[in-house]
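S.K.: Below are the structure tokens for one structure; questions will follow.
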There are 2 protein chains.
Amino acid sequence: MTGVKRGRPRDEAIDAAIIDATIEELIAHGFAGLSMEAVAARAGIAKTTLYRRWSNTKELAIAAMCSFEQSVQGPPEGSVRDQLVCLVDAMRRKWNDPRYSAIMRRITGDGVSNPEAYRQGRDRIVTPHIRLLDRVLRRGVDDGVIRPDADLVWVRQMITSPIMAATLTLRDRVSKAQIETTVDTVLRGLAP
Amino acid sequence: MTGVKRGRPRDEAIDAAIIDATIEELIAHGFAGLSMEAVAARAGIAKTTLYRRWSNTKELAIAAMCSFEQSVQGPPEGSVRDQLVCLVDAMRRKWNDPRYSAIMRRITGDGVSNPEAYRQGRDRIVTPHIRLLDRVLRRGVDDGVIRPDADLVWVRQMITSPIMAATLTLRDRVSKAQIETTVDTVLRGLAP
DNA sequence: GTATATCGATACGCAACCGTATCGAAATCT
DNA sequence: AGATTTCGATACGGTTGCGTATCGATATAC
């Protein structure tokens, strides 16, 4: 572990350009259509420079995907309803980004042939958010806002799915009002 | 328009074998990874025989996709609730088929790079079902079961999305009980 | 029987990528 | 200055798939 780096240092701007080009190629052609040559060409660099960092398309794709990872922050204090709206609205804002939804489309679509990428994307991008949601839902049961016999996993599904399905299939933006409608409808429907 | 076919007739069993092989290749490798050679090999036929019917992968993929088209039948007489459950449950049964959900995953995933296939799949497979659902929802408003200021497009989204999201991302089967929970929760939440 | 079309098998030239190698110029540390 | 590493450019052999062409064998209509 010398830790000392000798020789010419790597250009960090090139890393960013590669990731950016990879995302656009991924959106345009998918995982199966991702080509090292196309990425290098789009990023405006030599193939050698690309292979020095990622030795194949799979690693490159996973690296590009992980650039969407964000630190999730818990909702501020408030009612179960307000916390749910806050969390789901954060999800809405992410999915309303065309690049984000396009990548998620690709990840789910290529999940069969690319299980590693699917697992990575799921674990690092959506799972943390889901944990927070589930915690609030359990609090809802404890507080008597949600009936105790409700299947909370399915409740979470009912609340979050419309965002995903709308952006995955309709390619429509989702409004904050629609988020509130969803949360309020489900909570009212599941009141004890 | 002679309509008279001379020469050796085409073997219809081969058409079926091709479509079947195409679907499996599509599931395994996606639209971008679909190869005429692989389809011919899996179907156990010569490449010539394949090219005689479909001259490129795009036409072949669309043909394979359209084989999932089904004649939709309206729900039997009954309450708005029962008709909704009937329609959504029919949707559930289709999505619970691994081949169906896998193909739908691929279609949405490759929607960007393959808009024709996406449009075909959407128009022929899901749209007819959606029309029936919307009709029942409008009747729900007329009958006073659903509050009149509800956004019916979003209501449909709330009812149908959990099935799609669950099979698209979780890869879990959806039970009929979960369908009933969804319909009942949304209807109760949207009661006037 | 003859014309016509399908089917399997095989081969072909062509293009796109792969992953590697080589070379010289440039940037940084000791 | 000298060692070391990055970067761009280019070339290479190998693989895969494309779309077409050419066979001979086979099945049907006229």
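By convention here, the chains of the structure tokens are called A, B, ... in the order presented, each chain's residues are numbered starting at 1, and ligands are numbered starting at 1 in the order presented.
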Chain B vs chain A: Cα RMSD after least-squares superposition over all Cα in order?

M.R.: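 The root-mean-square deviation of C-alpha positions is 0.1 Å.
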
S.K.: Near C:DA15, counting only C-alpha atoms (C1' of nucleotides), which residues have an atom at most 12 Å away, once you skip same-chain residues fewer than 5 positions from it, shown as a count of residues only?

M.R.: 4

S.K.: Residues near stretch 23-29 of chain D, anyone? I mean within 8 Å using only C-alpha atoms (C1' of nucleotides), not counting same-chain ones fewer than 3 positions away, as a ChimeraX atom specification.

M.R.: /B:5-9 /C:6-7

S.K.: Could you give me, as an mmCIF file with N, CA and C atoms, in the first residue's frame, the residues within 12 Å of B:Lys94, counting only C-alpha atoms (C1' of nucleotides) and dropping anything in the same chain fewer than 3 positions from it?

M.R.:
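Saved the output as out-v4.cif:
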```
data_model
loop_
_atom_site.group_PDB
_atom_site.id
_atom_site.type_symbol
_atom_site.label_atom_id
_atom_site.label_comp_id
_atom_site.auth_asym_id
_atom_site.auth_seq_id
_atom_site.Cartn_x
_atom_site.Cartn_y
_atom_site.Cartn_z
ATOM 1 N N PHE B 68 -49.093 -12.423 -29.099
ATOM 2 C CA PHE B 68 -49.657 -12.337 -27.752
ATOM 3 C C PHE B 68 -51.013 -11.627 -27.754
ATOM 4 N N GLU B 69 -51.365 -11.121 -28.918
ATOM 5 C CA GLU B 69 -52.646 -10.442 -29.019
ATOM 6 C C GLU B 69 -53.768 -11.424 -28.688
ATOM 7 N N GLN B 70 -54.717 -10.949 -27.930
ATOM 8 C CA GLN B 70 -55.842 -11.809 -27.578
ATOM 9 C C GLN B 70 -57.133 -11.022 -27.750
ATOM 10 N N VAL B 72 -60.165 -9.536 -26.411
ATOM 11 C CA VAL B 72 -60.619 -9.184 -25.069
ATOM 12 C C VAL B 72 -62.142 -9.273 -25.015
ATOM 13 N N LEU B 87 -62.050 -7.419 -14.735
ATOM 14 C CA LEU B 87 -61.137 -6.942 -15.770
ATOM 15 C C LEU B 87 -59.687 -6.938 -15.291
ATOM 16 N N VAL B 88 -59.486 -6.450 -14.084
ATOM 17 C CA VAL B 88 -58.115 -6.366 -13.583
ATOM 18 C C VAL B 88 -57.560 -7.757 -13.310
ATOM 19 N N ASP B 89 -58.460 -8.660 -12.936
ATOM 20 C CA ASP B 89 -57.981 -10.023 -12.692
ATOM 21 C C ASP B 89 -57.575 -10.710 -14.001
ATOM 22 N N ALA B 90 -58.281 -10.392 -15.074
ATOM 23 C CA ALA B 90 -57.879 -10.928 -16.378
ATOM 24 C C ALA B 90 -56.480 -10.428 -16.736
ATOM 25 N N MET B 91 -56.260 -9.161 -16.431
ATOM 26 C CA MET B 91 -54.939 -8.574 -16.658
ATOM 27 C C MET B 91 -53.891 -9.274 -15.795
ATOM 28 N N ASP B 97 -48.155 -14.762 -16.418
ATOM 29 C CA ASP B 97 -47.445 -15.660 -17.327
ATOM 30 C C ASP B 97 -46.024 -15.129 -17.525
ATOM 31 N N PRO B 98 -45.019 -15.932 -17.165
ATOM 32 C CA PRO B 98 -43.630 -15.444 -17.237
ATOM 33 C C PRO B 98 -43.243 -14.954 -18.628
ATOM 34 N N ARG B 99 -43.728 -15.652 -19.651
ATOM 35 C CA ARG B 99 -43.383 -15.228 -21.003
ATOM 36 C C ARG B 99 -44.000 -13.878 -21.329
ATOM 37 N N TYR B 100 -45.236 -13.703 -20.910
ATOM 38 C CA TYR B 100 -45.909 -12.435 -21.187
ATOM 39 C C TYR B 100 -45.190 -11.280 -20.492
ATOM 40 N N SER B 101 -44.925 -11.438 -19.200
ATOM 41 C CA SER B 101 -44.293 -10.336 -18.477
ATOM 42 C C SER B 101 -42.884 -10.089 -19.007
ATOM 43 N N ALA B 102 -42.191 -11.158 -19.385
ATOM 44 C CA ALA B 102 -40.838 -10.969 -19.904
ATOM 45 C C ALA B 102 -40.871 -10.180 -21.209
ATOM 46 N N ILE B 103 -41.816 -10.518 -22.082
ATOM 47 C CA ILE B 103 -41.917 -9.785 -23.343
ATOM 48 C C ILE B 103 -42.289 -8.328 -23.091
ATOM 49 N N MET B 104 -43.225 -8.110 -22.169
ATOM 50 C CA MET B 104 -43.613 -6.732 -21.891
ATOM 51 C C MET B 104 -42.446 -5.940 -21.319
ATOM 52 N N ILE B 125 -52.087 -4.942 -27.663
ATOM 53 C CA ILE B 125 -52.171 -5.826 -26.512
ATOM 54 C C ILE B 125 -52.849 -5.179 -25.315
ATOM 55 N N VAL B 126 -52.480 -3.952 -24.996
ATOM 56 C CA VAL B 126 -53.019 -3.394 -23.755
ATOM 57 C C VAL B 126 -54.168 -2.408 -23.978
ATOM 58 N N HIS B 129 -57.880 -3.526 -23.632
ATOM 59 C CA HIS B 129 -58.230 -3.776 -22.237
ATOM 60 C C HIS B 129 -58.498 -2.472 -21.497
ATOM 61 N N ILE B 163 -50.007 -4.240 -10.648
ATOM 62 C CA ILE B 163 -49.756 -5.497 -11.348
ATOM 63 C C ILE B 163 -48.513 -5.383 -12.213
ATOM 64 N N MET B 164 -48.497 -4.323 -13.012
ATOM 65 C CA MET B 164 -47.374 -4.167 -13.931
ATOM 66 C C MET B 164 -46.073 -3.983 -13.175
ATOM 67 N N THR B 167 -44.856 -7.291 -11.468
ATOM 68 C CA THR B 167 -44.293 -8.309 -12.353
ATOM 69 C C THR B 167 -43.079 -7.775 -13.106
ATOM 70 N N ARG B 173 -45.391 -13.233 -8.465
ATOM 71 C CA ARG B 173 -46.760 -13.455 -8.904
ATOM 72 C C ARG B 173 -47.688 -12.571 -8.089
ATOM 73 N N VAL B 174 -48.773 -12.152 -8.711
ATOM 74 C CA VAL B 174 -49.778 -11.360 -8.019
ATOM 75 C C VAL B 174 -50.991 -12.260 -7.774
#
```

S.K.: Would you list the contacts of A:Ala61 as a short mmCIF file (atom, residue, chain, number, x, y, z; two decimals) with N, CA and C atoms, in the first residue's frame, taking every protein, DNA or RNA residue within 10 Å and counting only C-alpha atoms (C1' of nucleotides), but skipping same-chain residues closer than 4 positions in sequence?

M.R.:
```cif
data_model
loop_
_atom_site.label_atom_id
_atom_site.label_comp_id
_atom_site.auth_asym_id
_atom_site.auth_seq_id
_atom_site.Cartn_x
_atom_site.Cartn_y
_atom_site.Cartn_z
N ILE A 19 -18.66 8.27 -18.55
CA ILE A 19 -19.92 7.90 -17.90
C ILE A 19 -21.09 8.54 -18.63
N THR A 22 -21.66 6.86 -21.88
CA THR A 22 -22.21 5.52 -21.66
C THR A 22 -23.70 5.58 -21.39
N ILE A 23 -24.11 6.54 -20.59
CA ILE A 23 -25.54 6.67 -20.27
C ILE A 23 -26.34 6.94 -21.54
N GLU A 25 -25.51 6.23 -24.62
CA GLU A 25 -25.50 5.03 -25.46
C GLU A 25 -26.44 3.97 -24.90
N LEU A 26 -26.45 3.88 -23.57
CA LEU A 26 -27.30 2.90 -22.90
C LEU A 26 -28.77 3.22 -23.18
N GLY A 30 -29.45 0.37 -25.37
CA GLY A 30 -29.62 -0.68 -24.37
C GLY A 30 -28.32 -1.37 -24.01
N PHE A 31 -28.42 -2.29 -23.06
CA PHE A 31 -27.24 -2.99 -22.59
C PHE A 31 -26.66 -3.88 -23.69
N LEU A 34 -24.73 -1.94 -26.25
CA LEU A 34 -23.65 -1.07 -25.79
C LEU A 34 -22.32 -1.53 -26.37
N TRP A 54 -12.26 0.50 -17.71
CA TRP A 54 -13.25 -0.58 -17.63
C TRP A 54 -12.96 -1.57 -18.75
N ASN A 56 -14.58 -4.17 -19.88
CA ASN A 56 -15.64 -4.70 -20.75
C ASN A 56 -16.92 -3.89 -20.56
N THR A 57 -17.89 -4.17 -21.41
CA THR A 57 -19.10 -3.35 -21.42
C THR A 57 -19.92 -3.53 -20.14
N MET A 65 -24.52 3.14 -14.40
CA MET A 65 -25.78 3.01 -13.68
C MET A 65 -25.64 3.54 -12.26
N CYS A 66 -24.52 3.22 -11.63
CA CYS A 66 -24.32 3.62 -10.24
C CYS A 66 -24.16 5.12 -10.10
N ALA A 117 -26.51 -6.35 -13.39
CA ALA A 117 -26.86 -4.94 -13.52
C ALA A 117 -28.20 -4.67 -12.85
#
```

S.K.: When you draw a straight line from atom CA of B:Met36 to atom CA of B:Ser55, how long is it in Å?

M.R.: 9.3 Å

S.K.: Taking only C-alpha atoms into account, which residues of chain B are within 6 Å of chain A, as a ChimeraX atom specification?

M.R.: /B:28,32-33,105-106,109,113,157-158,161-162,165,185,188-189

S.K.: Using only C-alpha atoms (C1' of nucleotides), determine which residues of chain C fall within 8 Å of chain A; present them as a PDB file with N, CA and C atoms (P, O5', C5', C4', C3', O3' and C1' of nucleotides), in the first residue's frame.

M.R.:
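So result09.pdb came out as:
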```pdb
ATOM      1  P    DC C  17     -20.736  -0.896 -34.049  1.00  0.00           P
ATOM      2  O5'  DC C  17     -20.092  -1.762 -32.866  1.00  0.00           O
ATOM      3  C5'  DC C  17     -19.081  -2.654 -33.241  1.00  0.00           C
ATOM      4  C4'  DC C  17     -18.887  -3.714 -32.201  1.00  0.00           C
ATOM      5  C3'  DC C  17     -17.949  -3.243 -31.103  1.00  0.00           C
ATOM      6  O3'  DC C  17     -18.296  -3.834 -29.858  1.00  0.00           O
ATOM      7  C1'  DC C  17     -16.919  -4.946 -32.454  1.00  0.00           C
ATOM      8  P    DA C  27       1.184  18.558 -21.478  1.00  0.00           P
ATOM      9  O5'  DA C  27       1.136  17.817 -20.056  1.00  0.00           O
ATOM     10  C5'  DA C  27       0.023  16.996 -19.723  1.00  0.00           C
ATOM     11  C4'  DA C  27       0.343  16.176 -18.491  1.00  0.00           C
ATOM     12  C3'  DA C  27       0.926  16.976 -17.315  1.00  0.00           C
ATOM     13  O3'  DA C  27       0.228  16.626 -16.138  1.00  0.00           O
ATOM     14  C1'  DA C  27       2.304  15.124 -17.798  1.00  0.00           C
ATOM     15  P    DT C  28       0.127  17.671 -14.917  1.00  0.00           P
ATOM     16  O5'  DT C  28       1.035  16.969 -13.806  1.00  0.00           O
ATOM     17  C5'  DT C  28       0.588  15.787 -13.194  1.00  0.00           C
ATOM     18  C4'  DT C  28       1.742  14.948 -12.694  1.00  0.00           C
ATOM     19  C3'  DT C  28       2.611  15.582 -11.605  1.00  0.00           C
ATOM     20  O3'  DT C  28       2.182  15.130 -10.326  1.00  0.00           O
ATOM     21  C1'  DT C  28       3.836  14.193 -13.135  1.00  0.00           C
ATOM     22  P    DC C  29       2.925  15.616  -9.021  1.00  0.00           P
ATOM     23  O5'  DC C  29       4.009  14.469  -8.761  1.00  0.00           O
ATOM     24  C5'  DC C  29       3.572  13.108  -8.639  1.00  0.00           C
ATOM     25  C4'  DC C  29       4.769  12.198  -8.368  1.00  0.00           C
ATOM     26  C3'  DC C  29       5.664  12.662  -7.225  1.00  0.00           C
ATOM     27  O3'  DC C  29       6.062  11.554  -6.427  1.00  0.00           O
ATOM     28  C1'  DC C  29       6.937  12.463  -9.224  1.00  0.00           C
TER      29       DC C  29
END
```

S.K.: Could you please tell me, as a list in words, which residues of chain D have an atom within 9 Å of chain A when using only C-alpha atoms (C1' of nucleotides)?

M.R.: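 Per the criterion, chain D yields DA3, DT4, DT5, DT6, DC7, DG8 and DA9 of chain D.
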
S.K.: Could you take the residues named above and write them with C-alpha atoms (C1' of nucleotides), as a tab-separated table (two decimals), in the first residue's frame?

M.R.:
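Generated output (part01.tsv):
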```tsv
chain	number	residue	atom	x	y	z
D	3	DA	C1'	11.46	6.94	-14.33
D	4	DT	C1'	6.66	6.19	-14.78
D	5	DT	C1'	2.08	6.53	-16.29
D	6	DT	C1'	-1.56	8.51	-19.24
D	7	DC	C1'	-3.36	9.59	-23.66
D	8	DG	C1'	-4.29	9.56	-28.83
D	9	DA	C1'	-3.77	7.15	-32.98
```

S.K.: Among chain B, which residues carry a DSSP assignment of helix (DSSP H, G or I), reported as a ChimeraX atom specification?

M.R.: /B:12-29,36-43,47-53,57-66,80-96,98-109,115-142,152-170,176-189

S.K.: Go ahead and save the picked residues with C-alpha atoms, as a compact mmCIF listing (two decimals), in the first residue's frame.

M.R.:
```
# COMPACT_ATOMS: atom_id res chain seq x y z
CA GLU B 12 -47.43 -23.81 -41.22
CA ALA B 13 -45.74 -25.72 -38.44
CA ILE B 14 -42.58 -23.88 -39.37
CA ASP B 15 -44.26 -20.52 -38.88
CA ALA B 16 -45.24 -21.55 -35.38
CA ALA B 17 -41.77 -22.86 -34.61
CA ILE B 18 -40.23 -19.60 -35.80
CA ILE B 19 -42.53 -17.44 -33.70
CA ASP B 20 -41.89 -19.62 -30.69
CA ALA B 21 -38.14 -19.50 -31.15
CA THR B 22 -38.28 -15.74 -31.67
CA ILE B 23 -40.12 -15.21 -28.42
CA GLU B 24 -37.58 -17.21 -26.48
CA GLU B 25 -34.69 -15.41 -28.13
CA LEU B 26 -36.42 -12.10 -27.47
CA ILE B 27 -36.80 -12.93 -23.81
CA ALA B 28 -33.22 -14.12 -23.50
CA HIS B 29 -31.42 -11.41 -25.47
CA MET B 36 -31.80 -14.20 -37.45
CA GLU B 37 -29.21 -16.93 -37.23
CA ALA B 38 -30.00 -17.71 -33.62
CA VAL B 39 -33.73 -17.87 -34.34
CA ALA B 40 -33.18 -20.19 -37.29
CA ALA B 41 -30.91 -22.41 -35.22
CA ARG B 42 -33.34 -22.57 -32.30
CA ALA B 43 -36.29 -23.27 -34.59
CA LYS B 47 -31.86 -19.37 -42.69
CA THR B 48 -33.35 -19.29 -46.18
CA THR B 49 -36.68 -20.45 -44.85
CA LEU B 50 -36.67 -17.71 -42.27
CA TYR B 51 -35.76 -14.90 -44.66
CA ARG B 52 -38.48 -15.96 -47.04
CA ARG B 53 -41.08 -14.96 -44.42
CA THR B 57 -35.26 -8.84 -37.29
CA LYS B 58 -37.59 -5.90 -36.75
CA GLU B 59 -40.47 -7.41 -38.73
CA LEU B 60 -39.85 -10.75 -37.08
CA ALA B 61 -39.92 -9.23 -33.61
CA ILE B 62 -43.17 -7.42 -34.29
CA ALA B 63 -44.76 -10.59 -35.63
CA ALA B 64 -43.70 -12.53 -32.57
CA MET B 65 -45.04 -9.82 -30.31
CA CYS B 66 -48.40 -9.75 -32.02
CA VAL B 80 -68.86 -1.58 -10.85
CA ARG B 81 -66.68 -3.21 -8.22
CA ASP B 82 -67.19 -6.72 -9.56
CA GLN B 83 -66.63 -5.65 -13.15
CA LEU B 84 -63.42 -3.89 -12.20
CA VAL B 85 -62.19 -6.94 -10.30
CA CYS B 86 -63.04 -9.12 -13.29
CA LEU B 87 -61.14 -6.94 -15.77
CA VAL B 88 -58.11 -6.37 -13.58
CA ASP B 89 -57.98 -10.02 -12.69
CA ALA B 90 -57.88 -10.93 -16.38
CA MET B 91 -54.94 -8.57 -16.66
CA ARG B 92 -53.33 -10.22 -13.66
CA ARG B 93 -53.58 -13.66 -15.23
CA LYS B 94 -51.88 -12.44 -18.38
CA TRP B 95 -49.08 -10.71 -16.51
CA ASN B 96 -48.53 -13.70 -14.26
CA PRO B 98 -43.63 -15.44 -17.24
CA ARG B 99 -43.38 -15.23 -21.00
CA TYR B 100 -45.91 -12.43 -21.19
CA SER B 101 -44.29 -10.34 -18.48
CA ALA B 102 -40.84 -10.97 -19.90
CA ILE B 103 -41.92 -9.78 -23.34
CA MET B 104 -43.61 -6.73 -21.89
CA ARG B 105 -40.42 -5.95 -20.02
CA ARG B 106 -38.49 -6.09 -23.24
CA ILE B 107 -41.02 -3.98 -25.12
CA THR B 108 -40.96 -1.19 -22.57
CA GLY B 109 -37.21 -1.45 -22.19
CA PRO B 115 -40.70 2.78 -31.17
CA GLU B 116 -42.57 0.82 -33.81
CA ALA B 117 -42.49 -2.36 -31.77
CA TYR B 118 -43.52 -0.42 -28.70
CA ARG B 119 -46.47 1.18 -30.44
CA GLN B 120 -47.57 -2.12 -31.94
CA GLY B 121 -47.37 -3.88 -28.62
CA ARG B 122 -49.20 -1.16 -26.80
CA ASP B 123 -51.96 -0.67 -29.35
CA ARG B 124 -52.70 -4.32 -29.94
CA ILE B 125 -52.17 -5.83 -26.51
CA VAL B 126 -53.02 -3.39 -23.76
CA THR B 127 -55.13 -0.64 -25.30
CA PRO B 128 -58.29 -2.74 -25.87
CA HIS B 129 -58.23 -3.78 -22.24
CA ILE B 130 -57.80 -0.20 -21.09
CA ARG B 131 -60.82 0.91 -23.10
CA LEU B 132 -63.02 -1.54 -21.25
CA LEU B 133 -61.66 -0.42 -17.91
CA ASP B 134 -62.30 3.24 -18.66
CA ARG B 135 -65.89 2.48 -19.61
CA VAL B 136 -66.54 0.81 -16.27
CA LEU B 137 -64.89 3.68 -14.43
CA ARG B 138 -67.14 6.21 -16.16
CA ARG B 139 -70.11 4.11 -15.17
CA GLY B 140 -68.79 4.24 -11.60
CA VAL B 141 -69.00 8.03 -11.72
CA ASP B 142 -72.50 7.94 -13.22
CA LEU B 152 -60.28 8.80 -14.22
CA VAL B 153 -57.07 8.30 -16.16
CA TRP B 154 -55.12 8.43 -12.95
CA VAL B 155 -57.66 6.22 -11.21
CA ARG B 156 -57.10 3.62 -13.88
CA GLN B 157 -53.39 4.04 -13.33
CA MET B 158 -53.78 3.46 -9.60
CA ILE B 159 -55.73 0.28 -10.18
CA THR B 160 -53.62 -1.29 -12.90
CA SER B 161 -50.09 -0.15 -12.06
CA PRO B 162 -49.39 -2.46 -9.10
CA ILE B 163 -49.76 -5.50 -11.35
CA MET B 164 -47.37 -4.17 -13.93
CA ALA B 165 -44.84 -2.84 -11.46
CA ALA B 166 -44.90 -6.01 -9.41
CA THR B 167 -44.29 -8.31 -12.35
CA LEU B 168 -41.92 -5.90 -14.08
CA THR B 169 -39.65 -5.24 -11.14
CA LEU B 170 -40.34 -7.65 -8.33
CA LYS B 176 -56.36 -12.47 -6.83
CA ALA B 177 -56.67 -11.30 -3.23
CA GLN B 178 -54.18 -8.52 -3.97
CA ILE B 179 -56.27 -7.46 -6.95
CA GLU B 180 -59.39 -7.28 -4.82
CA THR B 181 -57.54 -5.33 -2.17
CA THR B 182 -56.39 -2.84 -4.76
CA VAL B 183 -59.82 -2.31 -6.30
CA ASP B 184 -61.57 -2.12 -2.95
CA THR B 185 -59.01 0.26 -1.49
CA VAL B 186 -59.16 2.65 -4.42
CA LEU B 187 -62.97 2.55 -4.59
CA ARG B 188 -63.30 3.16 -0.88
CA GLY B 189 -60.76 5.95 -1.07
```

S.K.: In Å, with one decimal, what is the gap from atom CA of A:Arg147 to atom CA of A:Pro76?

M.R.: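 Here the two named atoms are 23.6 Å from each other.
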